[in-house]
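Visitor: Got a structure for you, query.txt, holding compact mmCIF, C-alpha atoms.
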# COMPACT_ATOMS: atom_id res chain seq x y z
CA MET A 1 -9.12 -4.45 50.40
CA ALA A 2 -9.89 -4.71 46.66
CA ASN A 3 -12.90 -6.72 45.58
CA THR A 4 -11.49 -9.23 43.11
CA ALA A 5 -14.57 -11.48 42.83
CA LYS A 6 -15.45 -12.03 39.20
CA PRO A 7 -18.89 -10.91 38.04
CA ASP A 8 -21.43 -13.63 37.32
CA LEU A 9 -22.72 -12.26 34.00
CA ARG A 10 -20.62 -12.24 30.83
CA PRO A 11 -21.30 -10.45 27.53
CA ALA A 12 -22.84 -12.82 24.98
CA ASN A 13 -20.61 -11.17 22.36
CA SER A 14 -17.23 -9.95 23.60
CA ARG A 15 -16.24 -8.13 20.40
CA PHE A 16 -15.89 -4.42 21.13
CA SER A 17 -13.24 -3.57 18.54
CA SER A 18 -13.40 -0.10 16.98
CA GLY A 19 -12.65 -1.52 13.54
CA PRO A 20 -13.36 -3.90 12.04
CA CYS A 21 -16.38 -3.76 14.31
CA ALA A 22 -18.79 -6.40 15.55
CA LYS A 23 -21.08 -8.01 12.99
CA ARG A 24 -24.79 -7.33 13.23
CA PRO A 25 -26.77 -9.46 15.70
CA GLY A 26 -27.61 -12.86 14.23
CA TRP A 27 -25.00 -12.65 11.47
CA SER A 28 -23.65 -15.88 10.00
CA PHE A 29 -21.78 -16.87 6.85
CA GLU A 30 -25.15 -17.81 5.35
CA ALA A 31 -25.72 -14.07 4.90
CA LEU A 32 -23.13 -14.18 2.09
CA ALA A 33 -24.69 -17.08 0.19
CA ASP A 34 -25.93 -14.86 -2.65
CA ALA A 35 -22.56 -13.18 -3.27
CA ALA A 36 -21.63 -12.81 -6.95
CA LEU A 37 -18.44 -14.83 -6.57
CA GLY A 38 -16.42 -15.72 -9.62
CA ARG A 39 -18.28 -13.09 -11.64
CA SER A 40 -16.98 -9.82 -13.04
CA HIS A 41 -17.93 -6.76 -11.05
CA ARG A 42 -18.65 -5.22 -14.45
CA ALA A 43 -21.15 -7.94 -15.35
CA LYS A 44 -24.84 -7.14 -14.92
CA VAL A 45 -25.05 -8.99 -11.59
CA GLY A 46 -21.98 -7.26 -10.18
CA LYS A 47 -22.97 -3.77 -11.27
CA SER A 48 -26.51 -4.26 -9.98
CA LYS A 49 -25.26 -5.20 -6.51
CA LEU A 50 -22.86 -2.25 -6.41
CA LEU A 51 -25.62 0.13 -7.49
CA GLN A 52 -27.94 -1.42 -4.90
CA ALA A 53 -25.35 -0.70 -2.21
CA ILE A 54 -25.22 2.94 -3.34
CA ASP A 55 -29.01 3.33 -3.54
CA GLU A 56 -29.67 1.76 -0.14
CA THR A 57 -26.91 3.83 1.44
CA ARG A 58 -28.66 6.94 0.14
CA ASP A 59 -32.03 5.73 1.40
CA ILE A 60 -30.93 4.85 4.94
CA LEU A 61 -28.66 7.87 5.48
CA GLY A 62 -31.04 10.34 3.87
CA VAL A 63 -28.45 11.64 1.41
CA PRO A 64 -29.95 14.33 -0.87
CA ALA A 65 -30.88 13.19 -4.37
CA ASP A 66 -28.44 15.62 -6.03
CA TYR A 67 -25.43 14.31 -4.06
CA ARG A 68 -23.27 11.64 -5.74
CA ILE A 69 -22.34 8.46 -3.84
CA GLY A 70 -19.46 6.27 -4.97
CA ILE A 71 -17.66 3.14 -3.80
CA VAL A 72 -13.91 3.77 -3.86
CA PRO A 73 -10.68 1.91 -3.03
CA ALA A 74 -8.77 1.76 0.26
CA SER A 75 -11.46 2.20 2.88
CA ASP A 76 -12.20 5.58 4.50
CA THR A 77 -8.55 6.57 4.19
CA GLY A 78 -8.68 6.13 0.43
CA ALA A 79 -11.89 8.17 0.21
CA VAL A 80 -10.45 11.07 2.24
CA GLU A 81 -7.17 11.04 0.32
CA MET A 82 -9.07 10.98 -2.99
CA ALA A 83 -11.03 14.06 -1.95
CA MET A 84 -8.01 15.95 -0.64
CA TRP A 85 -5.76 15.25 -3.62
CA SER A 86 -8.51 16.00 -6.13
CA LEU A 87 -10.12 19.09 -4.57
CA LEU A 88 -7.57 20.99 -2.49
CA GLY A 89 -5.33 23.76 -3.78
CA GLU A 90 -7.96 25.92 -5.47
CA ARG A 91 -8.03 28.17 -2.37
CA GLY A 92 -6.60 28.21 1.13
CA VAL A 93 -7.44 25.34 3.45
CA ASP A 94 -7.95 24.93 7.20
CA VAL A 95 -7.31 21.40 8.48
CA LEU A 96 -8.74 20.54 11.90
CA ALA A 97 -7.64 17.75 14.22
CA TRP A 98 -8.68 16.49 17.63
CA GLU A 99 -7.31 12.95 17.34
CA SER A 100 -4.84 10.85 15.37
CA PHE A 101 -6.71 10.48 12.08
CA GLY A 102 -7.37 14.21 11.85
CA ALA A 103 -3.70 14.75 12.61
CA GLY A 104 -2.96 12.52 9.63
CA TRP A 105 -4.96 14.82 7.35
CA VAL A 106 -2.96 17.76 8.72
CA THR A 107 0.24 15.96 7.79
CA ASP A 108 -1.03 15.20 4.30
CA ALA A 109 -2.07 18.79 3.61
CA LEU A 110 1.03 20.45 5.00
CA LYS A 111 3.81 17.93 4.36
CA GLN A 112 2.65 15.72 1.49
CA LEU A 113 0.58 18.02 -0.69
CA LYS A 114 2.66 20.95 0.63
CA LEU A 115 -0.13 23.40 0.00
CA ASP A 116 1.00 27.03 -0.12
CA ASP A 117 -1.90 28.36 1.93
CA ALA A 118 -2.72 25.77 4.59
CA ARG A 119 -3.43 26.30 8.28
CA SER A 120 -3.91 23.70 10.98
CA PHE A 121 -5.94 23.89 14.18
CA GLU A 122 -5.51 21.11 16.71
CA ALA A 123 -7.08 20.29 20.07
CA PRO A 124 -5.94 17.81 22.73
CA TYR A 125 -7.56 14.40 23.02
CA GLY A 126 -10.96 14.77 24.66
CA GLU A 127 -11.51 18.31 23.36
CA ILE A 128 -12.45 19.95 20.06
CA VAL A 129 -11.08 22.95 18.21
CA ASP A 130 -12.50 26.47 18.58
CA PHE A 131 -14.54 26.87 15.40
CA ALA A 132 -14.51 30.65 15.78
CA GLN A 133 -10.93 30.47 14.43
CA VAL A 134 -11.95 28.56 11.32
CA ASP A 135 -12.57 30.40 8.05
CA PHE A 136 -15.19 28.60 5.98
CA ASP A 137 -14.49 30.77 2.96
CA ARG A 138 -11.45 28.51 2.78
CA ASP A 139 -11.73 24.77 2.31
CA VAL A 140 -12.01 22.93 5.64
CA VAL A 141 -10.99 19.31 6.35
CA PHE A 142 -12.07 17.62 9.59
CA THR A 143 -13.32 14.43 11.22
CA TRP A 144 -16.91 14.43 12.45
CA ASN A 145 -16.30 11.77 15.09
CA GLY A 146 -12.83 11.25 16.55
CA THR A 147 -12.56 7.47 16.57
CA THR A 148 -9.44 7.51 18.75
CA SER A 149 -10.54 10.30 21.12
CA GLY A 150 -14.25 9.67 21.69
CA VAL A 151 -15.08 13.26 20.66
CA ARG A 152 -17.67 14.19 18.06
CA MET A 153 -19.12 17.31 16.50
CA PRO A 154 -22.28 18.19 18.44
CA ASN A 155 -23.96 19.52 15.25
CA GLY A 156 -23.20 21.51 12.14
CA ASP A 157 -24.18 24.92 13.53
CA ALA A 158 -20.61 26.25 13.26
CA ILE A 159 -20.60 25.72 9.49
CA PRO A 160 -22.20 28.63 7.59
CA ALA A 161 -24.68 27.84 4.84
CA ASP A 162 -23.22 30.59 2.63
CA ARG A 163 -19.61 29.37 2.89
CA LYS A 164 -17.38 29.83 -0.16
CA GLY A 165 -15.05 26.93 0.57
CA LEU A 166 -15.75 23.21 0.57
CA THR A 167 -16.15 21.14 3.74
CA ILE A 168 -14.44 17.74 3.55
CA CYS A 169 -15.70 15.55 6.39
CA ASP A 170 -14.22 12.22 7.47
CA ALA A 171 -17.34 10.64 8.98
CA THR A 172 -16.24 7.03 9.21
CA SER A 173 -17.35 6.31 12.79
CA ALA A 174 -20.31 8.70 12.63
CA ALA A 175 -22.22 7.51 9.55
CA PHE A 176 -25.19 5.30 10.54
CA ALA A 177 -24.96 6.37 14.20
CA GLN A 178 -25.12 10.18 14.23
CA ASP A 179 -26.93 12.94 12.36
CA LEU A 180 -24.88 14.37 9.49
CA PRO A 181 -26.18 17.72 8.13
CA TYR A 182 -25.53 17.20 4.43
CA ASP A 183 -26.39 20.81 3.59
CA LYS A 184 -23.28 21.76 5.59
CA LEU A 185 -21.04 19.03 4.15
CA ASP A 186 -19.61 18.94 0.63
CA VAL A 187 -17.62 15.72 0.94
CA VAL A 188 -18.53 12.90 3.33
CA THR A 189 -16.48 9.71 3.63
CA PHE A 190 -16.84 6.51 5.62
CA SER A 191 -15.95 2.83 5.50
CA TRP A 192 -18.04 -0.31 5.69
CA GLN A 193 -16.24 -1.81 8.69
CA LYS A 194 -17.41 0.74 11.25
CA VAL A 195 -20.99 1.27 12.43
CA LEU A 196 -22.52 -1.50 10.29
CA GLY A 197 -19.74 -4.00 11.01
CA GLY A 198 -18.98 -4.65 7.34
CA GLU A 199 -15.71 -5.97 6.01
CA ALA A 200 -12.74 -3.73 5.30
CA ALA A 201 -11.06 -2.39 2.14
CA HIS A 202 -13.84 -0.25 0.66
CA GLY A 203 -14.65 3.40 1.19
CA MET A 204 -17.71 5.51 0.46
CA LEU A 205 -17.36 8.95 -1.09
CA ILE A 206 -20.33 11.34 -1.05
CA LEU A 207 -20.06 14.57 -3.07
CA SER A 208 -22.30 17.64 -3.01
CA PRO A 209 -23.08 19.56 -6.22
CA ARG A 210 -20.55 22.18 -5.04
CA ALA A 211 -17.85 19.52 -4.80
CA VAL A 212 -18.70 18.24 -8.28
CA ALA A 213 -18.51 21.79 -9.65
CA ARG A 214 -15.03 22.14 -8.13
CA LEU A 215 -13.90 18.86 -9.67
CA GLU A 216 -15.07 19.97 -13.11
CA SER A 217 -13.61 23.49 -12.93
CA TYR A 218 -10.27 22.93 -11.14
CA LYS A 219 -7.28 20.81 -12.03
CA PRO A 220 -4.67 20.24 -9.29
CA ALA A 221 -1.05 21.15 -9.98
CA TRP A 222 0.13 17.67 -9.03
CA PRO A 223 -0.34 14.36 -10.89
CA LEU A 224 -3.11 12.07 -9.68
CA PRO A 225 -2.72 8.29 -9.57
CA LYS A 226 -5.43 6.32 -11.35
CA ILE A 227 -7.28 5.32 -8.20
CA PHE A 228 -7.73 9.03 -7.29
CA ARG A 229 -9.08 10.22 -10.65
CA LEU A 230 -12.70 11.33 -10.49
CA THR A 231 -12.82 13.27 -13.77
CA LYS A 232 -11.98 12.68 -17.41
CA GLY A 233 -11.73 15.49 -19.93
CA GLY A 234 -12.87 17.97 -17.30
CA LYS A 235 -16.09 16.07 -16.55
CA LEU A 236 -17.06 13.88 -13.61
CA ILE A 237 -16.75 10.17 -14.32
CA GLU A 238 -20.42 9.44 -13.63
CA GLY A 239 -19.94 5.68 -13.79
CA ILE A 240 -18.10 5.71 -10.45
CA PHE A 241 -21.35 6.83 -8.84
CA LYS A 242 -23.41 4.16 -10.58
CA GLY A 243 -21.46 1.14 -9.39
CA GLU A 244 -18.63 1.18 -11.93
CA THR A 245 -15.80 1.09 -9.42
CA ILE A 246 -12.28 2.33 -10.24
CA ASN A 247 -10.68 -0.93 -9.17
CA THR A 248 -11.97 -4.46 -8.62
CA PRO A 249 -14.05 -4.66 -5.43
CA SER A 250 -14.58 -7.77 -3.34
CA MET A 251 -18.05 -8.99 -4.20
CA LEU A 252 -17.98 -10.94 -0.93
CA CYS A 253 -17.54 -7.65 0.98
CA VAL A 254 -20.25 -6.05 -1.17
CA GLU A 255 -22.66 -8.83 -0.19
CA ASP A 256 -21.79 -8.36 3.47
CA TYR A 257 -22.48 -4.62 3.22
CA LEU A 258 -25.81 -5.31 1.52
CA ASP A 259 -26.69 -7.66 4.37
CA ALA A 260 -25.87 -4.96 6.93
CA LEU A 261 -27.96 -2.42 5.02
CA ALA A 262 -30.89 -4.87 4.88
CA TRP A 263 -30.65 -5.40 8.64
CA SER A 264 -30.59 -1.63 9.16
CA LYS A 265 -33.82 -1.22 7.20
CA GLN A 266 -35.41 -4.15 9.02
CA ILE A 267 -34.84 -2.67 12.48
CA GLY A 268 -36.07 0.82 11.52
CA GLY A 269 -33.35 2.61 9.59
CA LEU A 270 -31.17 5.45 10.77
CA ALA A 271 -33.32 6.36 13.78
CA ALA A 272 -33.05 2.82 15.13
CA LEU A 273 -29.31 2.65 14.47
CA LYS A 274 -28.75 5.91 16.33
CA GLY A 275 -30.97 4.73 19.16
CA ARG A 276 -28.94 1.55 19.62
CA ALA A 277 -25.66 3.47 19.78
CA ASP A 278 -27.15 6.01 22.19
CA ALA A 279 -28.38 3.22 24.46
CA ASN A 280 -24.91 1.67 24.50
CA LEU A 281 -23.34 4.97 25.49
CA ALA A 282 -25.98 5.44 28.20
CA ALA A 283 -25.08 2.07 29.74
CA ILE A 284 -21.48 3.22 30.10
CA GLU A 285 -22.52 6.63 31.42
CA THR A 286 -24.59 4.97 34.14
CA TYR A 287 -21.63 2.89 35.28
CA VAL A 288 -19.14 5.78 35.15
CA ALA A 289 -21.49 7.98 37.19
CA ALA A 290 -21.42 5.36 39.96
CA ASN A 291 -17.64 4.77 39.89
CA SER A 292 -15.44 7.80 40.44
CA TRP A 293 -12.24 5.96 39.47
CA LEU A 294 -13.41 5.89 35.86
CA ALA A 295 -13.98 8.91 33.59
CA PHE A 296 -14.72 9.83 29.98
CA LEU A 297 -11.86 11.22 27.93
CA ALA A 298 -14.49 13.57 26.47
CA ALA A 299 -15.56 15.33 29.65
CA ASP A 300 -18.14 17.50 27.85
CA LYS A 301 -21.23 15.33 27.33
CA ALA A 302 -22.26 17.39 24.29
CA LEU A 303 -19.05 16.33 22.53
CA ARG A 304 -19.10 12.68 23.62
CA SER A 305 -19.18 10.04 20.91
CA ASN A 306 -21.87 7.36 20.98
CA THR A 307 -19.72 4.97 18.94
CA SER A 308 -16.06 5.14 19.96
CA VAL A 309 -16.33 5.63 23.71
CA CYS A 310 -12.97 6.43 25.31
CA LEU A 311 -12.41 6.07 29.06
CA THR A 312 -9.56 7.02 31.39
CA PHE A 313 -8.69 5.99 34.93
CA ALA A 314 -9.42 8.94 37.20
CA ASP A 315 -8.13 7.33 40.42
CA PRO A 316 -5.54 9.74 41.91
CA ALA A 317 -3.29 6.78 42.74
CA VAL A 318 -3.21 5.81 39.06
CA LYS A 319 -2.83 9.40 37.85
CA ARG A 320 0.25 9.81 40.07
CA LEU A 321 2.01 7.08 38.08
CA THR A 322 4.43 7.98 35.31
CA ALA A 323 3.07 8.07 31.77
CA ASP A 324 4.65 4.69 31.02
CA GLU A 325 3.25 3.22 34.24
CA GLN A 326 -0.24 4.54 33.44
CA ALA A 327 -0.03 2.99 29.99
CA ALA A 328 1.07 -0.33 31.50
CA PHE A 329 -1.80 -0.17 34.01
CA ALA A 330 -4.39 0.38 31.26
CA LYS A 331 -2.90 -2.34 29.08
CA GLY A 332 -3.00 -4.66 32.08
CA VAL A 333 -6.73 -4.05 32.51
CA ALA A 334 -7.39 -4.72 28.81
CA ALA A 335 -5.22 -7.85 28.91
CA LEU A 336 -7.13 -9.26 31.91
CA LEU A 337 -10.43 -8.73 30.13
CA GLU A 338 -9.17 -10.43 26.99
CA LYS A 339 -7.76 -13.34 28.98
CA GLU A 340 -11.17 -13.85 30.57
CA GLY A 341 -12.79 -13.68 27.15
CA VAL A 342 -15.16 -10.88 28.12
CA ALA A 343 -13.77 -8.04 25.96
CA PHE A 344 -11.51 -8.07 22.94
CA ASP A 345 -9.57 -5.12 21.51
CA ILE A 346 -10.62 -2.39 23.95
CA GLY A 347 -7.25 -0.86 24.75
CA ALA A 348 -6.87 2.86 23.97
CA TYR A 349 -5.47 3.74 20.56
CA ARG A 350 -1.68 3.83 20.56
CA ASP A 351 -1.45 7.64 20.20
CA ALA A 352 -4.24 8.39 22.69
CA PRO A 353 -3.92 8.88 26.47
CA PRO A 354 -3.82 5.59 28.45
CA GLY A 355 -7.23 4.07 28.99
CA LEU A 356 -9.90 1.99 27.28
CA ARG A 357 -11.90 2.36 24.08
CA ILE A 358 -15.23 0.54 23.85
CA TRP A 359 -16.99 0.39 20.51
CA CYS A 360 -20.69 1.13 21.01
CA GLY A 361 -21.93 1.28 17.43
CA ALA A 362 -25.30 -0.05 16.34
CA THR A 363 -24.24 -3.69 15.89
CA VAL A 364 -23.32 -3.96 19.59
CA GLU A 365 -26.04 -5.09 21.99
CA THR A 366 -26.72 -2.87 25.02
CA ALA A 367 -26.99 -5.93 27.26
CA ASP A 368 -23.40 -6.83 26.34
CA VAL A 369 -22.15 -3.33 27.17
CA ALA A 370 -23.96 -3.44 30.52
CA ALA A 371 -22.47 -6.88 31.28
CA LEU A 372 -18.98 -5.68 30.36
CA MET A 373 -18.80 -2.73 32.75
CA PRO A 374 -18.60 -4.70 36.06
CA TRP A 375 -15.83 -6.76 34.47
CA ILE A 376 -13.88 -3.57 33.87
CA GLY A 377 -14.35 -2.84 37.57
CA TRP A 378 -13.03 -6.30 38.43
CA ALA A 379 -9.97 -5.94 36.18
CA TYR A 380 -9.30 -2.47 37.62
CA ASP A 381 -9.43 -3.87 41.17
CA VAL A 382 -6.99 -6.66 40.27
CA GLN A 383 -4.56 -4.17 38.74
CA LYS A 384 -4.95 -1.79 41.67
CA ALA A 385 -4.23 -4.62 44.11
CA GLY A 386 -1.04 -5.33 42.14
CA LEU A 387 0.02 -1.71 42.56
CA ALA A 388 -0.53 -1.90 46.32
CA LYS A 389 1.49 -5.11 46.55
CA ALA A 390 4.35 -3.59 44.54
CA ALA A 391 4.42 -0.58 46.83
Using structure tokens, write down the structure from this file.
Guide:
Amino acid sequence: MANTAKPDLRPANSRFSSGPCAKRPGWSFEALADAALGRSHRAKVGKSKLLQAIDETRDILGVPADYRIGIVPASDTGAVEMAMWSLLGERGVDVLAWESFGAGWVTDALKQLKLDDARSFEAPYGEIVDFAQVDFDRDVVFTWNGTTSGVRMPNGDAIPADRKGLTICDATSAAFAQDLPYDKLDVVTFSWQKVLGGEAAHGMLILSPRAVARLESYKPAWPLPKIFRLTKGGKLIEGIFKGETINTPSMLCVEDYLDALAWSKQIGGLAALKGRADANLAAIETYVAANSWLAFLAADKALRSNTSVCLTFADPAVKRLTADEQAAFAKGVAALLEKEGVAFDIGAYRDAPPGLRIWCGATVETADVAALMPWIGWAYDVQKAGLAKAA
């Protein structure tokens, strides 16, 4: 008979959403008290805060001094689109996908930009593409961490140092939680609302000297809207990378990002942020190892994300259900957890296999992850008991 007794311990913070993600521990609205509200972002105070955000991003992430960092519109999506529309077309491109956002970049390259020489390589959820097929003398577009699949690049070893093409890396759920080898990456993008729990709407665009050289030597065949334009008269618009944003940013969101960066430095920088995410993943791994009905979507530990952790139900009785029934089962588990107030927004992404997705980025406390896992077991037992009754 199923054990449907509720656990005694509850997470202190039940927010496990994969974006926008949990705020840093101890956050309150008082953190925004110094925001430059009602002031122009082009005034001295606004520009100084935007430049501070760029400089502290460089410092914490260890971005090389000769790489440009800019704040751009439309979150990570805007940053990736800006890079693709501005840089692609000079040579052939390989677009890689192992989850829904990577699949979106495939669609953009093949169906929107309609590039003449574009190839796509795709892997199922939980796996990664075979990099032996990828030609890095072409441009290559890929996600570092699959937010909707729980799969990440183990390292940058597959990327040659002497490549002729550019590497365009969507790193939105990897930045501030995983090592990014900048010498292997020509474009890196991320958004504030992921690992540091910032507010949405703004993206970060990091360009290598090779990417800048491409921008200044190549003009795409298609028109570029204003918010995508990184050059003027064949030269990089340097102001974008000094805090002079293309459009009007939210100074409230800027202040929130600065607060998250300050917290990151206070706890020990990138090493501490990575350590917190790793500890959160380890808490889930310990529970999964002791419960055979639960499994990681990313079966290969070397490819397993420490931020967007995706789980599936491995119970043969559940796996025998139809696809729709499996989806309903997983949604039922997530709904029970939300009703109890112990976990919000942990259902699998709509395009992913049925299951759960637990955000384990640096702003999440390991004690809360550990407290959550028995509750998942409780909700699973309740749903399983419902299956038995229906049968």
Visitor: Return as JSON lines the residues of stretch 203-252 of chain A lying at most 10 Å from stretch 83-102 of chain A, together with the closest atom-to-atom pair for each and the distance in Å to one decimal, counting all atoms listed in the file, with rows in chain order and ascending residue number.
Guide:
{"residue": "A:Leu205", "atom": "CA", "partner": "A:Ala83", "partner_atom": "CA", "distance": 8.2}
{"residue": "A:Ile206", "atom": "CA", "partner": "A:Ala83", "partner_atom": "CA", "distance": 9.7}
{"residue": "A:Leu207", "atom": "CA", "partner": "A:Ala83", "partner_atom": "CA", "distance": 9.1}
{"residue": "A:Ala211", "atom": "CA", "partner": "A:Leu87", "partner_atom": "CA", "distance": 7.7}
{"residue": "A:Val212", "atom": "CA", "partner": "A:Leu87", "partner_atom": "CA", "distance": 9.4}
{"residue": "A:Arg214", "atom": "CA", "partner": "A:Leu87", "partner_atom": "CA", "distance": 6.8}
{"residue": "A:Leu215", "atom": "CA", "partner": "A:Leu87", "partner_atom": "CA", "distance": 6.4}
{"residue": "A:Glu216", "atom": "CA", "partner": "A:Leu87", "partner_atom": "CA", "distance": 9.9}
{"residue": "A:Ser217", "atom": "CA", "partner": "A:Glu90", "partner_atom": "CA", "distance": 9.7}
{"residue": "A:Tyr218", "atom": "CA", "partner": "A:Glu90", "partner_atom": "CA", "distance": 6.8}
{"residue": "A:Lys219", "atom": "CA", "partner": "A:Ser86", "partner_atom": "CA", "distance": 7.7}
{"residue": "A:Pro220", "atom": "CA", "partner": "A:Ser86", "partner_atom": "CA", "distance": 6.5}
{"residue": "A:Ala221", "atom": "CA", "partner": "A:Gly89", "partner_atom": "CA", "distance": 8.0}
{"residue": "A:Trp222", "atom": "CA", "partner": "A:Trp85", "partner_atom": "CA", "distance": 8.4}
{"residue": "A:Pro223", "atom": "CA", "partner": "A:Trp85", "partner_atom": "CA", "distance": 9.1}
{"residue": "A:Leu224", "atom": "CA", "partner": "A:Trp85", "partner_atom": "CA", "distance": 7.3}
{"residue": "A:Pro225", "atom": "CA", "partner": "A:Trp85", "partner_atom": "CA", "distance": 9.6}
{"residue": "A:Phe228", "atom": "CA", "partner": "A:Ser86", "partner_atom": "CA", "distance": 7.1}
{"residue": "A:Arg229", "atom": "CA", "partner": "A:Ser86", "partner_atom": "CA", "distance": 7.4}
{"residue": "A:Leu230", "atom": "CA", "partner": "A:Ser86", "partner_atom": "CA", "distance": 7.6}
{"residue": "A:Thr231", "atom": "CA", "partner": "A:Ser86", "partner_atom": "CA", "distance": 9.2}
Visitor: Could you state the separation of atom CA of A:Phe136 and atom CA of A:Ala118 in Å, given to one decimal place?
Guide: 12.9 Å
Visitor: Pull the neighbourhood of (-21.4, 8.1, 0.2) for me: all residues within 9 Å in file coordinates, counting only C-alpha atoms, as a PyMOL selection string.
Guide: chain A and resi 54+57-58+61+63+67-71+187-190+203-207
Visitor: Using only C-alpha atoms, determine which residues lie at most 6 Å from stretch 333-343 of chain A, disregarding the query and same-chain residues fewer than 2 positions distant; provide the list as a compact mmCIF listing (two decimals) with C-alpha atoms, in the coordinates of the input.
Guide:
# COMPACT_ATOMS: atom_id res chain seq x y z
CA SER A 14 -17.23 -9.95 23.60
CA ALA A 330 -4.39 0.38 31.26
CA LYS A 331 -2.90 -2.34 29.08
CA GLY A 347 -7.25 -0.86 24.75
CA ALA A 379 -9.97 -5.94 36.18
CA TYR A 380 -9.30 -2.47 37.62
Visitor: Rounded to one decimal place, report the atom CA of A:Gly197-atom CA of A:Ala36 distance in Å.
Guide: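 Atom-to-atom, atom CA of A:Gly197 to atom CA of A:Ala36, that is 20.1 Å.
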Visitor: How would you write as a list in words the residues that get within 7 Å of (-12.8, 17.0, 23.2) in the file's frame, counting only C-alpha atoms?
Guide: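 Residues close enough to count: Trp98, Pro124, Tyr125, Gly126, Glu127, Ile128, Val151, Ala298 and Leu303 of chain A.
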Visitor: Find the residues around A:Ala272 up to 12 Å (only C-alpha atoms counted), leave out those fewer than 3 positions away in its own chain, and share them as a list of chain:residue names.
Guide: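 The neighbour list is A:Ile60, A:Leu61, A:Phe176, A:Ala177, A:Gln178, A:Trp263, A:Ser264, A:Lys265, A:Gln266, A:Ile267, A:Gly268, A:Gly269, A:Gly275, A:Arg276, A:Ala277, A:Asp278, A:Ala279, A:Gly361, A:Ala362, A:Thr363.
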Visitor: Neighbouring residues of stretch 368-374 of chain A were defined as those with any atom within 12 Å, considering only C-alpha atoms; residues of the same chain fewer than 3 positions away were excluded. Please report them as a PyMOL selection string.
Guide: chain A and resi 3-16+22+25+276-291+294+307+309+311+334+337-338+340-344+346+356+358-365+377-381
Visitor: Closest to A:Ser308 among A:Ala174, A:Ala31, A:Val106, A:Arg39, using all atoms listed in the file?
Guide: A:Ala174
Visitor: Can you measure atom CA of A:Pro20 to atom CA of A:Gln193 for me? One decimal in Å is fine.
Guide: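 If I compute the distance from atom CA of A:Pro20 to atom CA of A:Gln193, I get 4.9 Å.
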Visitor: Find the spatial neighbours of A:Asp179, counting only C-alpha atoms, within a cut-off of 10 Å - ignore same-chain residues fewer than 5 positions away - and output them as a PDB file with C-alpha atoms, in the frame of the given file.
Guide:
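Result saved to out.pdb:
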ATOM      1  CA  LEU A  61     -28.660   7.870   5.480  1.00  0.00           C
ATOM      2  CA  GLY A  62     -31.040  10.340   3.870  1.00  0.00           C
ATOM      3  CA  MET A 153     -19.120  17.310  16.500  1.00  0.00           C
ATOM      4  CA  PRO A 154     -22.280  18.190  18.440  1.00  0.00           C
ATOM      5  CA  ASN A 155     -23.960  19.520  15.250  1.00  0.00           C
ATOM      6  CA  GLY A 156     -23.200  21.510  12.140  1.00  0.00           C
ATOM      7  CA  ALA A 174     -20.310   8.700  12.630  1.00  0.00           C
ATOM      8  CA  LEU A 270     -31.170   5.450  10.770  1.00  0.00           C
ATOM      9  CA  ALA A 271     -33.320   6.360  13.780  1.00  0.00           C
ATOM     10  CA  LYS A 274     -28.750   5.910  16.330  1.00  0.00           C
TER      11      LYS A 274
END
Visitor: Have a look at A:Tyr257, A:Leu252, A:Ala171, A:Lys184 and name the one nearest to A:Asp157; count only C-alpha atoms.
Guide: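 Of A:Tyr257, A:Leu252, A:Ala171, A:Lys184, the one nearest A:Asp157, counting only C-alpha atoms, is A:Lys184.
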Visitor: Given only C-alpha atoms as the basis, pick out the residue of A:Ala260, A:Leu180, A:Ala123, A:Ile246 nearest to A:Arg42.
Guide: A:Ile246
Visitor: Have a look at A:Arg320, A:Arg152, A:His202, A:Arg138 and name the one nearest to A:Arg304; count only C-alpha atoms.
Guide: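 Among the listed residues, the smallest separation from A:Arg304 belongs to A:Arg152.
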Visitor: With only C-alpha atoms as the basis for distance, which of A:Thr77, A:Thr143, A:Ser208, A:Thr312 is at the shortest distance from A:Pro353?
Guide: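 Closest residue, counting only C-alpha atoms: A:Thr312.
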Visitor: Would you please work out which residue, of A:Ser250, A:Ser75, A:Thr148, A:Thr322, is nearest to A:Ala103 when using all atoms listed in the file?
Guide: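 Checking each of A:Ser250, A:Ser75, A:Thr148, A:Thr322 against A:Ala103, counting all atoms listed in the file, the winner is A:Thr148.
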Visitor: Output requested as a PDB file, in the coordinates of the input - stretch 211-215 of chain A, filled out with N, CA, C and O atoms.
Guide:
ATOM      1  N   ALA A 211     -19.093  20.285  -4.639  1.00  0.00           N
ATOM      2  CA  ALA A 211     -17.850  19.520  -4.800  1.00  0.00           C
ATOM      3  C   ALA A 211     -17.679  19.072  -6.246  1.00  0.00           C
ATOM      4  O   ALA A 211     -16.572  19.113  -6.797  1.00  0.00           O
ATOM      5  N   VAL A 212     -18.766  18.649  -6.872  1.00  0.00           N
ATOM      6  CA  VAL A 212     -18.700  18.240  -8.280  1.00  0.00           C
ATOM      7  C   VAL A 212     -18.295  19.423  -9.150  1.00  0.00           C
ATOM      8  O   VAL A 212     -17.467  19.285 -10.072  1.00  0.00           O
ATOM      9  N   ALA A 213     -18.862  20.591  -8.877  1.00  0.00           N
ATOM     10  CA  ALA A 213     -18.510  21.790  -9.650  1.00  0.00           C
ATOM     11  C   ALA A 213     -17.022  22.102  -9.523  1.00  0.00           C
ATOM     12  O   ALA A 213     -16.373  22.481 -10.506  1.00  0.00           O
ATOM     13  N   ARG A 214     -16.472  21.921  -8.334  1.00  0.00           N
ATOM     14  CA  ARG A 214     -15.030  22.140  -8.130  1.00  0.00           C
ATOM     15  C   ARG A 214     -14.221  21.147  -8.960  1.00  0.00           C
ATOM     16  O   ARG A 214     -13.234  21.520  -9.609  1.00  0.00           O
ATOM     17  N   LEU A 215     -14.611  19.891  -8.924  1.00  0.00           N
ATOM     18  CA  LEU A 215     -13.900  18.860  -9.670  1.00  0.00           C
ATOM     19  C   LEU A 215     -13.869  19.175 -11.162  1.00  0.00           C
ATOM     20  O   LEU A 215     -12.872  18.917 -11.849  1.00  0.00           O
TER      21      LEU A 215
END
